[in-house]
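Coordinates as given in start-v2.csv (CSV, C-alpha atoms):
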chain,number,residue,atom,x,y,z
A,1,MET,CA,84.5,-25.4,-39.4
A,2,SER,CA,81.7,-22.9,-40.0
A,3,GLU,CA,82.3,-19.9,-42.3
A,4,GLN,CA,83.0,-16.6,-40.8
A,5,THR,CA,81.7,-13.3,-42.2
A,6,VAL,CA,82.8,-9.9,-41.0
A,7,ASN,CA,81.6,-6.6,-42.7
A,8,GLY,CA,79.8,-8.7,-45.3
A,9,VAL,CA,83.1,-10.3,-46.3
A,10,ASN,CA,83.5,-14.1,-46.1
A,11,VAL,CA,86.7,-14.1,-44.1
A,12,SER,CA,87.1,-17.9,-44.3
A,13,LYS,CA,87.1,-17.7,-48.1
A,14,LEU,CA,89.5,-14.7,-48.0
A,15,LYS,CA,92.0,-16.7,-45.9
A,16,GLU,CA,91.6,-19.7,-48.3
A,17,THR,CA,92.3,-17.3,-51.2
A,18,ILE,CA,95.5,-16.1,-49.5
A,19,GLN,CA,96.6,-19.7,-48.8
A,20,ALA,CA,95.9,-20.7,-52.4
A,21,ILE,CA,97.9,-17.7,-53.8
A,22,LYS,CA,100.8,-18.4,-51.4
A,23,GLY,CA,100.9,-21.9,-52.9
A,24,LYS,CA,100.6,-20.8,-56.5
A,25,PRO,CA,101.4,-17.1,-57.1
A,26,SER,CA,100.1,-17.2,-60.7
A,27,LEU,CA,96.6,-17.3,-59.3
A,28,ALA,CA,97.1,-13.7,-58.3
A,29,ASP,CA,97.2,-12.5,-61.9
A,30,PHE,CA,94.0,-10.6,-62.7
A,31,ARG,CA,93.1,-8.7,-65.8
A,32,PHE,CA,90.2,-6.2,-66.1
A,33,ARG,CA,89.0,-5.0,-69.5
A,34,ILE,CA,86.6,-2.4,-70.9
A,35,VAL,CA,85.6,-1.0,-74.3
A,36,ASN,CA,84.6,2.7,-74.6
A,37,LYS,CA,82.7,4.3,-77.5
A,38,TRP,CA,82.4,8.1,-78.2
A,39,GLN,CA,78.8,9.2,-78.6
A,40,GLY,CA,79.3,12.8,-79.8
A,41,GLY,CA,80.5,15.9,-78.0
A,42,GLY,CA,81.5,15.1,-74.4
A,43,LEU,CA,79.4,12.0,-74.2
A,44,ASN,CA,80.9,8.4,-74.3
A,45,GLN,CA,80.0,5.0,-73.0
A,46,THR,CA,82.0,2.2,-71.4
A,47,THR,CA,81.1,-1.5,-71.4
A,48,VAL,CA,82.8,-3.9,-69.0
A,49,LYS,CA,84.3,-6.9,-70.8
A,50,ALA,CA,85.2,-10.4,-69.5
A,51,SER,CA,87.8,-10.4,-66.8
A,52,HIS,CA,90.5,-12.9,-65.8
A,53,GLY,CA,91.7,-14.0,-62.4
A,54,ALA,CA,92.6,-17.0,-60.3
A,55,GLY,CA,93.5,-18.9,-63.4
A,56,GLN,CA,90.0,-18.5,-64.9
A,57,GLU,CA,88.2,-16.3,-67.5
A,58,PHE,CA,84.9,-14.8,-66.5
A,59,PRO,CA,82.9,-14.4,-69.8
A,60,ASP,CA,79.6,-13.9,-67.9
A,61,ARG,CA,80.8,-10.3,-67.0
A,62,ASP,CA,81.1,-9.4,-70.7
A,63,GLY,CA,78.5,-6.7,-71.3
A,64,LYS,CA,77.1,-6.9,-67.8
A,65,PHE,CA,77.8,-3.3,-66.9
A,66,THR,CA,77.8,0.0,-68.8
A,67,MET,CA,78.8,3.4,-67.5
A,68,GLN,CA,78.5,6.8,-69.3
A,69,ALA,CA,80.5,9.9,-69.0
A,70,ASP,CA,79.6,13.4,-70.2
A,71,GLU,CA,80.4,17.1,-69.4
A,72,PRO,CA,78.1,19.8,-67.9
A,73,PRO,CA,77.0,22.7,-70.1
A,74,ILE,CA,79.8,25.0,-68.7
A,75,LEU,CA,82.2,22.4,-70.2
A,76,LEU,CA,80.2,22.4,-73.5
A,77,SER,CA,78.2,19.2,-73.3
A,78,GLY,CA,74.7,17.9,-72.3
A,79,ASP,CA,75.4,16.7,-68.7
A,80,LYS,CA,73.9,13.2,-69.2
A,81,ALA,CA,76.3,11.6,-66.8
A,82,ALA,CA,79.1,12.3,-64.3
A,83,ASN,CA,82.3,13.6,-66.0
A,84,PRO,CA,85.6,11.7,-66.2
A,85,VAL,CA,87.2,13.4,-63.2
A,86,GLU,CA,84.1,12.7,-61.1
A,87,HIS,CA,84.3,9.1,-62.2
A,88,LEU,CA,87.9,9.2,-61.1
A,89,LEU,CA,86.8,10.4,-57.6
A,90,HIS,CA,84.3,7.5,-57.6
A,91,ALA,CA,87.1,5.0,-58.3
A,92,VAL,CA,89.2,6.5,-55.5
A,93,ALA,CA,86.3,6.4,-52.9
A,94,ALA,CA,85.1,3.0,-53.9
A,95,CYS,CA,88.6,1.5,-53.9
A,96,VAL,CA,89.8,3.0,-50.6
A,97,THR,CA,86.4,2.0,-49.0
A,98,THR,CA,86.4,-1.6,-50.2
A,99,THR,CA,90.1,-2.0,-49.3
A,100,ALA,CA,89.5,-0.6,-45.7
A,101,VAL,CA,86.4,-2.9,-45.3
A,102,TYR,CA,88.2,-6.1,-46.5
A,103,HIS,CA,91.4,-5.5,-44.5
A,104,ALA,CA,89.3,-4.6,-41.4
A,105,ALA,CA,87.4,-7.9,-41.9
A,106,ALA,CA,90.6,-9.9,-42.1
A,107,ARG,CA,91.6,-8.3,-38.8
A,108,HIS,CA,88.2,-9.0,-37.3
A,109,ILE,CA,87.4,-5.2,-37.0
A,110,PRO,CA,83.6,-4.9,-37.4
A,111,LEU,CA,82.4,-1.7,-39.1
A,112,GLU,CA,78.9,-0.2,-38.9
A,113,ALA,CA,79.2,2.5,-41.6
A,114,VAL,CA,81.8,4.1,-43.8
A,115,GLU,CA,81.0,7.4,-45.6
A,116,SER,CA,83.4,9.6,-47.5
A,117,THR,CA,83.3,13.0,-49.1
A,118,LEU,CA,85.9,13.8,-51.8
A,119,GLU,CA,86.9,17.0,-53.6
A,120,GLY,CA,89.3,17.5,-56.4
A,121,GLU,CA,90.6,20.9,-57.4
A,122,LEU,CA,91.3,21.5,-61.1
A,123,ASP,CA,92.8,24.5,-62.9
A,124,LEU,CA,91.3,24.3,-66.4
A,125,ARG,CA,94.3,26.2,-67.8
A,126,GLY,CA,96.2,22.9,-67.8
A,127,PHE,CA,93.6,21.1,-69.9
A,128,LEU,CA,93.3,24.1,-72.3
A,129,GLY,CA,97.1,24.3,-72.7
A,130,LEU,CA,97.2,27.9,-71.6
A,131,ASP,CA,100.1,27.5,-69.1
A,132,PRO,CA,102.6,24.6,-69.3
A,133,ASN,CA,103.3,25.1,-65.5
A,134,VAL,CA,99.7,24.3,-64.5
A,135,PRO,CA,99.0,20.5,-64.0
A,136,LYS,CA,96.5,19.0,-66.4
A,137,GLY,CA,94.9,16.9,-63.7
A,138,TYR,CA,93.7,17.8,-60.2
A,139,LYS,CA,96.1,19.9,-58.2
A,140,ASN,CA,95.0,17.8,-55.2
A,141,ILE,CA,92.4,15.3,-54.1
A,142,ARG,CA,91.0,15.4,-50.6
A,143,MET,CA,89.0,12.6,-49.1
A,144,ASN,CA,87.4,12.7,-45.6
A,145,MET,CA,86.3,9.2,-44.3
A,146,ARG,CA,83.8,8.9,-41.5
A,147,VAL,CA,84.1,5.4,-39.9
A,148,THR,CA,81.3,4.3,-37.6
A,149,GLY,CA,81.3,1.3,-35.2
A,150,ASP,CA,82.2,0.2,-31.7
A,151,LEU,CA,85.9,1.2,-32.3
A,152,SER,CA,88.5,3.3,-30.5
A,153,GLU,CA,89.8,6.4,-32.3
A,154,GLU,CA,93.1,4.5,-32.9
A,155,GLN,CA,91.1,1.6,-34.6
A,156,LYS,CA,89.3,4.1,-36.8
A,157,GLN,CA,92.6,5.6,-37.8
A,158,GLU,CA,93.9,2.1,-38.5
A,159,VAL,CA,90.9,1.5,-40.8
A,160,VAL,CA,91.7,4.6,-42.8
A,161,GLN,CA,95.4,3.8,-43.0
A,162,LEU,CA,94.7,0.2,-44.2
A,163,GLY,CA,92.4,1.7,-46.9
A,164,CYS,CA,95.2,3.9,-48.2
A,165,GLU,CA,98.1,1.4,-47.8
A,166,PHE,CA,96.5,-1.4,-49.8
A,167,SER,CA,94.1,0.4,-52.2
A,168,PRO,CA,95.1,-0.2,-55.9
A,169,VAL,CA,93.6,3.1,-57.1
A,170,TYR,CA,95.0,5.2,-54.2
A,171,ASN,CA,98.5,3.7,-54.9
A,172,MET,CA,98.3,4.3,-58.7
A,173,LEU,CA,97.4,7.9,-58.2
A,174,SER,CA,99.8,8.7,-55.4
A,175,LYS,CA,102.7,6.9,-57.1
A,176,SER,CA,101.8,6.8,-60.8
A,177,VAL,CA,101.4,3.8,-63.1
A,178,PRO,CA,102.8,2.9,-66.5
A,179,ILE,CA,100.1,3.7,-69.1
A,180,THR,CA,100.4,3.3,-72.8
A,181,VAL,CA,97.9,4.6,-75.4
A,182,LYS,CA,98.3,3.4,-79.0
A,183,LEU,CA,96.4,4.1,-82.2
A,184,ALA,CA,94.7,0.8,-83.2
A,185,SER,CA,95.8,-0.2,-86.7
B,1,MET,CA,79.1,35.5,-86.6
B,2,SER,CA,77.4,32.1,-86.6
B,3,GLU,CA,78.4,29.5,-84.1
B,4,GLN,CA,80.6,26.7,-85.2
B,5,THR,CA,80.3,23.1,-84.0
B,6,VAL,CA,82.9,20.4,-84.7
B,7,ASN,CA,82.6,16.9,-83.2
B,8,GLY,CA,79.5,18.0,-81.3
B,9,VAL,CA,81.6,20.7,-79.5
B,10,ASN,CA,80.7,24.3,-79.9
B,11,VAL,CA,84.1,25.7,-81.0
B,12,SER,CA,82.9,29.3,-80.9
B,13,LYS,CA,82.0,28.9,-77.2
B,14,LEU,CA,85.3,27.0,-76.5
B,15,LYS,CA,87.2,29.9,-77.9
B,16,GLU,CA,85.2,32.4,-75.9
B,17,THR,CA,86.0,30.3,-72.8
B,18,ILE,CA,89.7,30.4,-73.6
B,19,GLN,CA,89.6,34.2,-74.1
B,20,ALA,CA,87.6,34.7,-70.8
B,21,ILE,CA,90.1,32.6,-68.8
B,22,LYS,CA,93.1,34.5,-70.4
B,23,GLY,CA,91.5,37.7,-69.1
B,24,LYS,CA,90.7,36.4,-65.7
B,25,PRO,CA,92.6,33.2,-64.7
B,26,SER,CA,90.5,32.6,-61.6
B,27,LEU,CA,87.6,31.5,-63.9
B,28,ALA,CA,89.7,28.4,-64.6
B,29,ASP,CA,89.3,27.1,-61.0
B,30,PHE,CA,87.0,24.1,-60.9
B,31,ARG,CA,86.0,21.8,-58.1
B,32,PHE,CA,84.4,18.5,-58.4
B,33,ARG,CA,82.8,16.7,-55.4
B,34,ILE,CA,81.2,13.4,-54.6
B,35,VAL,CA,80.0,11.5,-51.5
B,36,ASN,CA,80.4,7.7,-51.2
B,37,LYS,CA,78.6,5.3,-48.9
B,38,TRP,CA,79.5,1.7,-48.1
B,39,GLN,CA,76.6,-0.7,-48.6
B,40,GLY,CA,78.1,-3.9,-47.1
B,41,GLY,CA,80.8,-6.3,-48.4
B,42,GLY,CA,82.3,-5.0,-51.6
B,43,LEU,CA,79.3,-2.8,-52.5
B,44,ASN,CA,79.3,1.0,-52.2
B,45,GLN,CA,77.5,4.0,-53.9
B,46,THR,CA,78.7,7.4,-55.0
B,47,THR,CA,76.5,10.4,-55.5
B,48,VAL,CA,77.8,13.4,-57.4
B,49,LYS,CA,77.6,16.7,-55.5
B,50,ALA,CA,77.4,20.3,-56.6
B,51,SER,CA,80.4,21.4,-58.6
B,52,HIS,CA,82.1,24.7,-59.0
B,53,GLY,CA,83.7,26.4,-62.0
B,54,ALA,CA,84.0,29.6,-64.0
B,55,GLY,CA,83.2,31.6,-60.8
B,56,GLN,CA,79.9,29.8,-60.3
B,57,GLU,CA,78.4,27.0,-58.1
B,58,PHE,CA,76.3,24.4,-59.9
B,59,PRO,CA,73.8,23.2,-57.2
B,60,ASP,CA,71.6,21.6,-59.8
B,61,ARG,CA,74.2,18.8,-60.2
B,62,ASP,CA,73.8,17.8,-56.5
B,63,GLY,CA,72.4,14.3,-56.5
B,64,LYS,CA,71.9,14.2,-60.2
B,65,PHE,CA,74.2,11.1,-60.8
B,66,THR,CA,74.9,8.0,-58.8
B,67,MET,CA,77.4,5.2,-59.5
B,68,GLN,CA,77.9,1.9,-57.7
B,69,ALA,CA,80.9,-0.2,-57.3
B,70,ASP,CA,81.1,-3.9,-56.3
B,71,GLU,CA,83.4,-6.9,-56.7
B,72,PRO,CA,82.7,-10.2,-58.5
B,73,PRO,CA,82.2,-13.5,-56.5
B,74,ILE,CA,85.9,-14.5,-57.1
B,75,LEU,CA,86.7,-11.3,-55.1
B,76,LEU,CA,84.1,-12.2,-52.5
B,77,SER,CA,81.1,-9.9,-53.3
B,78,GLY,CA,77.9,-9.9,-55.3
B,79,ASP,CA,78.9,-8.4,-58.7
B,80,LYS,CA,76.2,-5.8,-58.7
B,81,ALA,CA,78.4,-3.2,-60.5
B,82,ALA,CA,81.8,-2.7,-62.1
B,83,ASN,CA,84.6,-2.8,-59.6
B,84,PRO,CA,86.8,0.1,-58.6
B,85,VAL,CA,89.7,-0.7,-61.0
B,86,GLU,CA,87.2,-1.1,-63.8
B,87,HIS,CA,85.7,2.3,-63.0
B,88,LEU,CA,89.3,3.6,-63.1
B,89,LEU,CA,89.7,2.3,-66.7
B,90,HIS,CA,86.4,4.0,-67.5
B,91,ALA,CA,87.7,7.3,-66.2
B,92,VAL,CA,90.9,6.9,-68.3
B,93,ALA,CA,89.0,6.0,-71.5
B,94,ALA,CA,86.4,8.7,-71.0
B,95,CYS,CA,88.9,11.4,-70.2
B,96,VAL,CA,91.4,10.6,-73.0
B,97,THR,CA,88.5,10.3,-75.5
B,98,THR,CA,86.8,13.6,-74.5
B,99,THR,CA,90.2,15.4,-74.5
B,100,ALA,CA,91.0,14.1,-78.0
B,101,VAL,CA,87.6,15.1,-79.3
B,102,TYR,CA,87.7,18.6,-77.8
B,103,HIS,CA,91.3,19.3,-78.9
B,104,ALA,CA,90.6,17.9,-82.3
B,105,ALA,CA,87.5,20.2,-82.5
B,106,ALA,CA,89.6,23.3,-81.6
B,107,ARG,CA,92.0,22.4,-84.5
B,108,HIS,CA,89.0,21.8,-86.9
B,109,ILE,CA,89.8,18.0,-87.2
B,110,PRO,CA,86.4,16.3,-87.8
B,111,LEU,CA,86.1,12.8,-86.3
B,112,GLU,CA,83.5,10.1,-87.3
B,113,ALA,CA,84.1,7.6,-84.5
B,114,VAL,CA,86.4,6.9,-81.6
B,115,GLU,CA,86.5,3.5,-79.9
B,116,SER,CA,89.0,2.3,-77.3
B,117,THR,CA,89.8,-1.0,-75.6
B,118,LEU,CA,91.6,-1.0,-72.3
B,119,GLU,CA,93.2,-3.6,-70.2
B,120,GLY,CA,94.8,-3.4,-66.8
B,121,GLU,CA,97.0,-6.1,-65.3
B,122,LEU,CA,96.8,-6.5,-61.5
B,123,ASP,CA,98.8,-8.9,-59.3
B,124,LEU,CA,96.5,-9.5,-56.3
B,125,ARG,CA,99.5,-10.2,-54.0
B,126,GLY,CA,100.0,-6.4,-53.7
B,127,PHE,CA,96.4,-5.8,-52.5
B,128,LEU,CA,96.7,-8.8,-50.1
B,129,GLY,CA,100.0,-7.6,-48.7
B,130,LEU,CA,101.7,-10.9,-49.5
B,131,ASP,CA,104.8,-9.3,-51.2
B,132,PRO,CA,105.9,-5.7,-50.6
B,133,ASN,CA,107.7,-5.6,-53.9
B,134,VAL,CA,104.4,-6.2,-55.9
B,135,PRO,CA,102.6,-3.0,-56.8
B,136,LYS,CA,99.2,-2.6,-55.2
B,137,GLY,CA,97.7,-1.2,-58.4
B,138,TYR,CA,97.8,-2.2,-62.0
B,139,LYS,CA,101.3,-3.2,-63.2
B,140,ASN,CA,100.3,-1.4,-66.4
B,141,ILE,CA,97.4,0.0,-68.3
B,142,ARG,CA,97.1,-0.5,-72.1
B,143,MET,CA,94.7,1.5,-74.2
B,144,ASN,CA,94.1,1.0,-77.9
B,145,MET,CA,92.3,3.8,-79.6
B,146,ARG,CA,90.6,3.4,-83.0
B,147,VAL,CA,90.0,6.8,-84.7
B,148,THR,CA,87.8,6.9,-87.7
B,149,GLY,CA,87.3,9.8,-90.1
B,150,ASP,CA,88.6,11.3,-93.3
B,151,LEU,CA,92.0,11.7,-91.8
B,152,SER,CA,95.6,10.8,-92.7
B,153,GLU,CA,97.5,8.4,-90.4
B,154,GLU,CA,99.5,11.4,-89.1
B,155,GLN,CA,96.3,13.2,-88.1
B,156,LYS,CA,95.0,10.1,-86.4
B,157,GLN,CA,98.2,9.8,-84.4
B,158,GLU,CA,97.9,13.5,-83.6
B,159,VAL,CA,94.4,12.9,-82.2
B,160,VAL,CA,95.7,10.2,-79.9
B,161,GLN,CA,98.7,12.3,-78.9
B,162,LEU,CA,96.4,15.3,-78.0
B,163,GLY,CA,94.2,13.0,-75.9
B,164,CYS,CA,97.2,11.9,-73.8
B,165,GLU,CA,98.9,15.3,-73.6
B,166,PHE,CA,96.0,17.2,-72.2
B,167,SER,CA,93.9,14.5,-70.5
B,168,PRO,CA,93.5,15.2,-66.7
B,169,VAL,CA,93.1,11.5,-65.8
B,170,TYR,CA,96.0,10.3,-68.0
B,171,ASN,CA,98.3,13.0,-66.6
B,172,MET,CA,97.3,12.1,-62.9
B,173,LEU,CA,98.0,8.4,-63.4
B,174,SER,CA,101.2,8.7,-65.5
B,175,LYS,CA,102.7,11.4,-63.2
B,176,SER,CA,100.9,11.0,-59.8
B,177,VAL,CA,98.7,13.5,-57.9
B,178,PRO,CA,98.8,14.7,-54.2
B,179,ILE,CA,96.0,12.8,-52.5
B,180,THR,CA,95.2,13.1,-48.8
B,181,VAL,CA,92.8,10.8,-46.9
B,182,LYS,CA,91.7,11.9,-43.4
B,183,LEU,CA,89.5,10.4,-40.7
B,184,ALA,CA,86.5,12.7,-40.4
B,185,SER,CA,86.1,14.0,-36.8

Please express the file's structure as structure tokens.
Amino acid sequence: MSEQTVNGVNVSKLKETIQAIKGKPSLADFRFRIVNKWQGGGLNQTTVKASHGAGQEFPDRDGKFTMQADEPPILLSGDKAANPVEHLLHAVAACVTTTAVYHAAARHIPLEAVESTLEGELDLRGFLGLDPNVPKGYKNIRMNMRVTGDLSEEQKQEVVQLGCEFSPVYNMLSKSVPITVKLAS
Amino acid sequence: MSEQTVNGVNVSKLKETIQAIKGKPSLADFRFRIVNKWQGGGLNQTTVKASHGAGQEFPDRDGKFTMQADEPPILLSGDKAANPVEHLLHAVAACVTTTAVYHAAARHIPLEAVESTLEGELDLRGFLGLDPNVPKGYKNIRMNMRVTGDLSEEQKQEVVQLGCEFSPVYNMLSKSVPITVKLAS
């Protein structure tokens, strides 16, 4: 049988992956890892480390990607990179988009374009500790997704809904996730 | 009075900012914005847009930074960039680190180095929709922070605790945040 690709996603392999995991659920265990170093003021740099998944280690990814974060002058640093809460918006957009694209592919819904604008509203009094009733993070995150293709309005809505329902990052932010931070000994 | 810098953070300006916001809380309203475009398969690109804060717009940041996201071959894409859940770990590390550095600076705690390793554990059955009881996102995120400097163990613990207590990204993930995704008309 020939391989079938929808939205740039190899749907034949996606279905093989699903069958393999149904047969052996431990193949679904993935681990993603990074290391981050402070570089002074608001600047720091992340390096992606080897990841694990489908019963394998992926040492070739160790050091393959670096990302910086900084703060703009109004937040007292040199603006050499997007800041942490902008990187968070990137993680949301990237995850909801990829999830929508893959789940649409699995349902043979072909997409031409997906473009999203995101805005997060932050009251700095939370970060500064000036008012305990003000959230430290965004008060809210709003994402508008434009979905282009030969699709009905209902199918476009379905694509957005699939993106939210199955996106790891969307689910972590909307439902919370256990996160532990420890001082290394 | 001369300006005072601790950990690369201008503490004099930080204190001026706090005083200004106490006098006029609307100065604390910040908005961060991005646009993200799908580029086929698991690949997409974010561009940071103009931000708003302290009663000003910052149009010079519009288009200044771009970040890509992709997936490795085991997740059916070309591995041209870190994936969305690795970008999420970057946002966590960057935010907790910057928060620790700034709050330590405000308390005149000088740091020499901060380095963190993070790991997130993800069961792909959630994303694939194979088991509704499996979380879609990370089951947990673990961060180990190494804090170096002429500090007691208690001060190092305080630095880690400040990072968690006031970090926007840590607080959003550990407590959830309202997030709305809409189909653009």

List every protein, DNA or RNA residue with an atom no more than 10 Å from (82.1, 21.0, -86.0) in the file's coordinates, counting all atoms listed in the file, and format the result as a ChimeraX atom specification.
/A:41 /B:3-12,104-106,108-111

Please, what distance in Å, to one decimal, runs between atom CA of B:Ile34 and atom CA of B:Met67?
10.3 Å

What's the 8 Å shell around B:Ile141, counting all atoms listed in the file, without same-chain residues fewer than 3 positions away, as an mmCIF file with C-alpha atoms, in the coordinates of the input?
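Contents of out12.cif, freshly written:
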data_model
loop_
_atom_site.group_PDB
_atom_site.id
_atom_site.type_symbol
_atom_site.label_atom_id
_atom_site.label_comp_id
_atom_site.auth_asym_id
_atom_site.auth_seq_id
_atom_site.Cartn_x
_atom_site.Cartn_y
_atom_site.Cartn_z
ATOM 1 C CA VAL A 177 101.400 3.800 -63.100
ATOM 2 C CA PRO A 178 102.800 2.900 -66.500
ATOM 3 C CA ILE A 179 100.100 3.700 -69.100
ATOM 4 C CA THR A 180 100.400 3.300 -72.800
ATOM 5 C CA LEU B 118 91.600 -1.000 -72.300
ATOM 6 C CA GLU B 119 93.200 -3.600 -70.200
ATOM 7 C CA GLY B 120 94.800 -3.400 -66.800
ATOM 8 C CA GLU B 121 97.000 -6.100 -65.300
ATOM 9 C CA TYR B 138 97.800 -2.200 -62.000
#

Can you pull out the residues contacting A:Asn44? Cut-off 12 Å, using only C-alpha atoms, and skip same-chain residues under 2 positions away; I want them as a VMD selection string.
(chain A and resid 35 to 42 46 to 47 66 to 71 77 to 84) or (chain B and resid 8 90 to 99 101 113 to 116)

List every protein, DNA or RNA residue that has an atom no more than 7 Å from (77.9, 21.3, -58.8) in the file's coordinate frame, counting all atoms listed in the file, and report them as a list of chain:residue names.
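Taken together, the residues in range are B:Lys49, B:Ala50, B:Ser51, B:His52, B:Glu57, B:Phe58, B:Pro59, B:Asp60, B:Arg61, B:Asp62.
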
List as a VMD selection string the protein and nucleic acid residues near A:Gly53, meaning an atom at most 12 Å away when all atoms listed in the file are counted, but skip any in the same chain fewer than 4 places from it.
(chain A and resid 17 21 25 to 33 57 to 59) or (chain B and resid 72 to 75 120 to 124)

Using the selection just defined, write its residues with C-alpha atoms as a CSV table (one decimal), in the coordinates of the input.
chain,number,residue,atom,x,y,z
A,17,THR,CA,92.3,-17.3,-51.2
A,21,ILE,CA,97.9,-17.7,-53.8
A,25,PRO,CA,101.4,-17.1,-57.1
A,26,SER,CA,100.1,-17.2,-60.7
A,27,LEU,CA,96.6,-17.3,-59.3
A,28,ALA,CA,97.1,-13.7,-58.3
A,29,ASP,CA,97.2,-12.5,-61.9
A,30,PHE,CA,94.0,-10.6,-62.7
A,31,ARG,CA,93.1,-8.7,-65.8
A,32,PHE,CA,90.2,-6.2,-66.1
A,33,ARG,CA,89.0,-5.0,-69.5
A,57,GLU,CA,88.2,-16.3,-67.5
A,58,PHE,CA,84.9,-14.8,-66.5
A,59,PRO,CA,82.9,-14.4,-69.8
B,72,PRO,CA,82.7,-10.2,-58.5
B,73,PRO,CA,82.2,-13.5,-56.5
B,74,ILE,CA,85.9,-14.5,-57.1
B,75,LEU,CA,86.7,-11.3,-55.1
B,120,GLY,CA,94.8,-3.4,-66.8
B,121,GLU,CA,97.0,-6.1,-65.3
B,122,LEU,CA,96.8,-6.5,-61.5
B,123,ASP,CA,98.8,-8.9,-59.3
B,124,LEU,CA,96.5,-9.5,-56.3

Expressed in Å, the length from atom CA of A:Leu128 to atom CA of B:His103 is 8.4 Å

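Nearest to chain B of all the residues A:Gly23, A:Gly137, A:Gly163, A:Pro132 is A:Gly137, based on only C-alpha atoms.
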
Pick the closest to B:Cys164 from B:Leu151, B:Ser185, B:Ala100, B:Asp131: which is it, counting all atoms listed in the file?
B:Ala100

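Our summary of the geometry notes that atom CA of B:Met172 is positioned 7.3 Å from atom CA of A:Ser176.
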
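Closest approach to chain B from the set A:Thr148, A:Thr117, A:Gln45, A:Ser2 is made by A:Thr117, with distances taken over all atoms listed in the file.
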
Considering all atoms listed in the file, state which residue in the set A:Gly63, A:Gln161, A:Lys15, A:Arg142 is at the smallest distance from chain B.
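Answer, going by the shortest atom-to-atom distance: A:Arg142.
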
Please, can stretch 103-116 of chain B be completed to N, CA and C atoms and returned as a PDB file, keeping the file's coordinate frame?
ATOM      1  N   HIS B 103      90.089  18.725 -78.282  1.00  0.00           N
ATOM      2  CA  HIS B 103      91.300  19.300 -78.900  1.00  0.00           C
ATOM      3  C   HIS B 103      91.291  19.177 -80.395  1.00  0.00           C
ATOM      4  N   ALA B 104      90.729  18.075 -80.892  1.00  0.00           N
ATOM      5  CA  ALA B 104      90.600  17.900 -82.300  1.00  0.00           C
ATOM      6  C   ALA B 104      89.594  18.994 -82.859  1.00  0.00           C
ATOM      7  N   ALA B 105      88.500  19.210 -82.122  1.00  0.00           N
ATOM      8  CA  ALA B 105      87.500  20.200 -82.500  1.00  0.00           C
ATOM      9  C   ALA B 105      88.154  21.605 -82.609  1.00  0.00           C
ATOM     10  N   ALA B 106      88.967  21.945 -81.609  1.00  0.00           N
ATOM     11  CA  ALA B 106      89.600  23.300 -81.600  1.00  0.00           C
ATOM     12  C   ALA B 106      90.542  23.444 -82.789  1.00  0.00           C
ATOM     13  N   ARG B 107      91.078  22.310 -83.305  1.00  0.00           N
ATOM     14  CA  ARG B 107      92.000  22.400 -84.500  1.00  0.00           C
ATOM     15  C   ARG B 107      91.210  22.066 -85.775  1.00  0.00           C
ATOM     16  N   HIS B 108      89.876  22.021 -85.695  1.00  0.00           N
ATOM     17  CA  HIS B 108      89.000  21.800 -86.900  1.00  0.00           C
ATOM     18  C   HIS B 108      89.343  20.424 -87.526  1.00  0.00           C
ATOM     19  N   ILE B 109      89.613  19.405 -86.691  1.00  0.00           N
ATOM     20  CA  ILE B 109      89.800  18.000 -87.200  1.00  0.00           C
ATOM     21  C   ILE B 109      88.508  17.275 -86.917  1.00  0.00           C
ATOM     22  N   PRO B 110      87.716  16.974 -87.975  1.00  0.00           N
ATOM     23  CA  PRO B 110      86.400  16.300 -87.800  1.00  0.00           C
ATOM     24  C   PRO B 110      86.616  14.780 -87.603  1.00  0.00           C
ATOM     25  N   LEU B 111      85.971  14.225 -86.555  1.00  0.00           N
ATOM     26  CA  LEU B 111      86.100  12.800 -86.300  1.00  0.00           C
ATOM     27  C   LEU B 111      84.730  12.123 -86.566  1.00  0.00           C
ATOM     28  N   GLU B 112      84.773  10.883 -87.056  1.00  0.00           N
ATOM     29  CA  GLU B 112      83.500  10.100 -87.300  1.00  0.00           C
ATOM     30  C   GLU B 112      83.252   9.202 -86.079  1.00  0.00           C
ATOM     31  N   ALA B 113      84.288   8.526 -85.597  1.00  0.00           N
ATOM     32  CA  ALA B 113      84.100   7.600 -84.500  1.00  0.00           C
ATOM     33  C   ALA B 113      85.413   7.455 -83.708  1.00  0.00           C
ATOM     34  N   VAL B 114      85.290   7.222 -82.416  1.00  0.00           N
ATOM     35  CA  VAL B 114      86.400   6.900 -81.600  1.00  0.00           C
ATOM     36  C   VAL B 114      86.010   5.749 -80.671  1.00  0.00           C
ATOM     37  N   GLU B 115      86.782   4.681 -80.706  1.00  0.00           N
ATOM     38  CA  GLU B 115      86.500   3.500 -79.900  1.00  0.00           C
ATOM     39  C   GLU B 115      87.773   3.001 -79.273  1.00  0.00           C
ATOM     40  N   SER B 116      87.750   2.698 -77.990  1.00  0.00           N
ATOM     41  CA  SER B 116      89.000   2.300 -77.300  1.00  0.00           C
ATOM     42  C   SER B 116      88.751   1.008 -76.508  1.00  0.00           C
TER      43      SER B 116
END
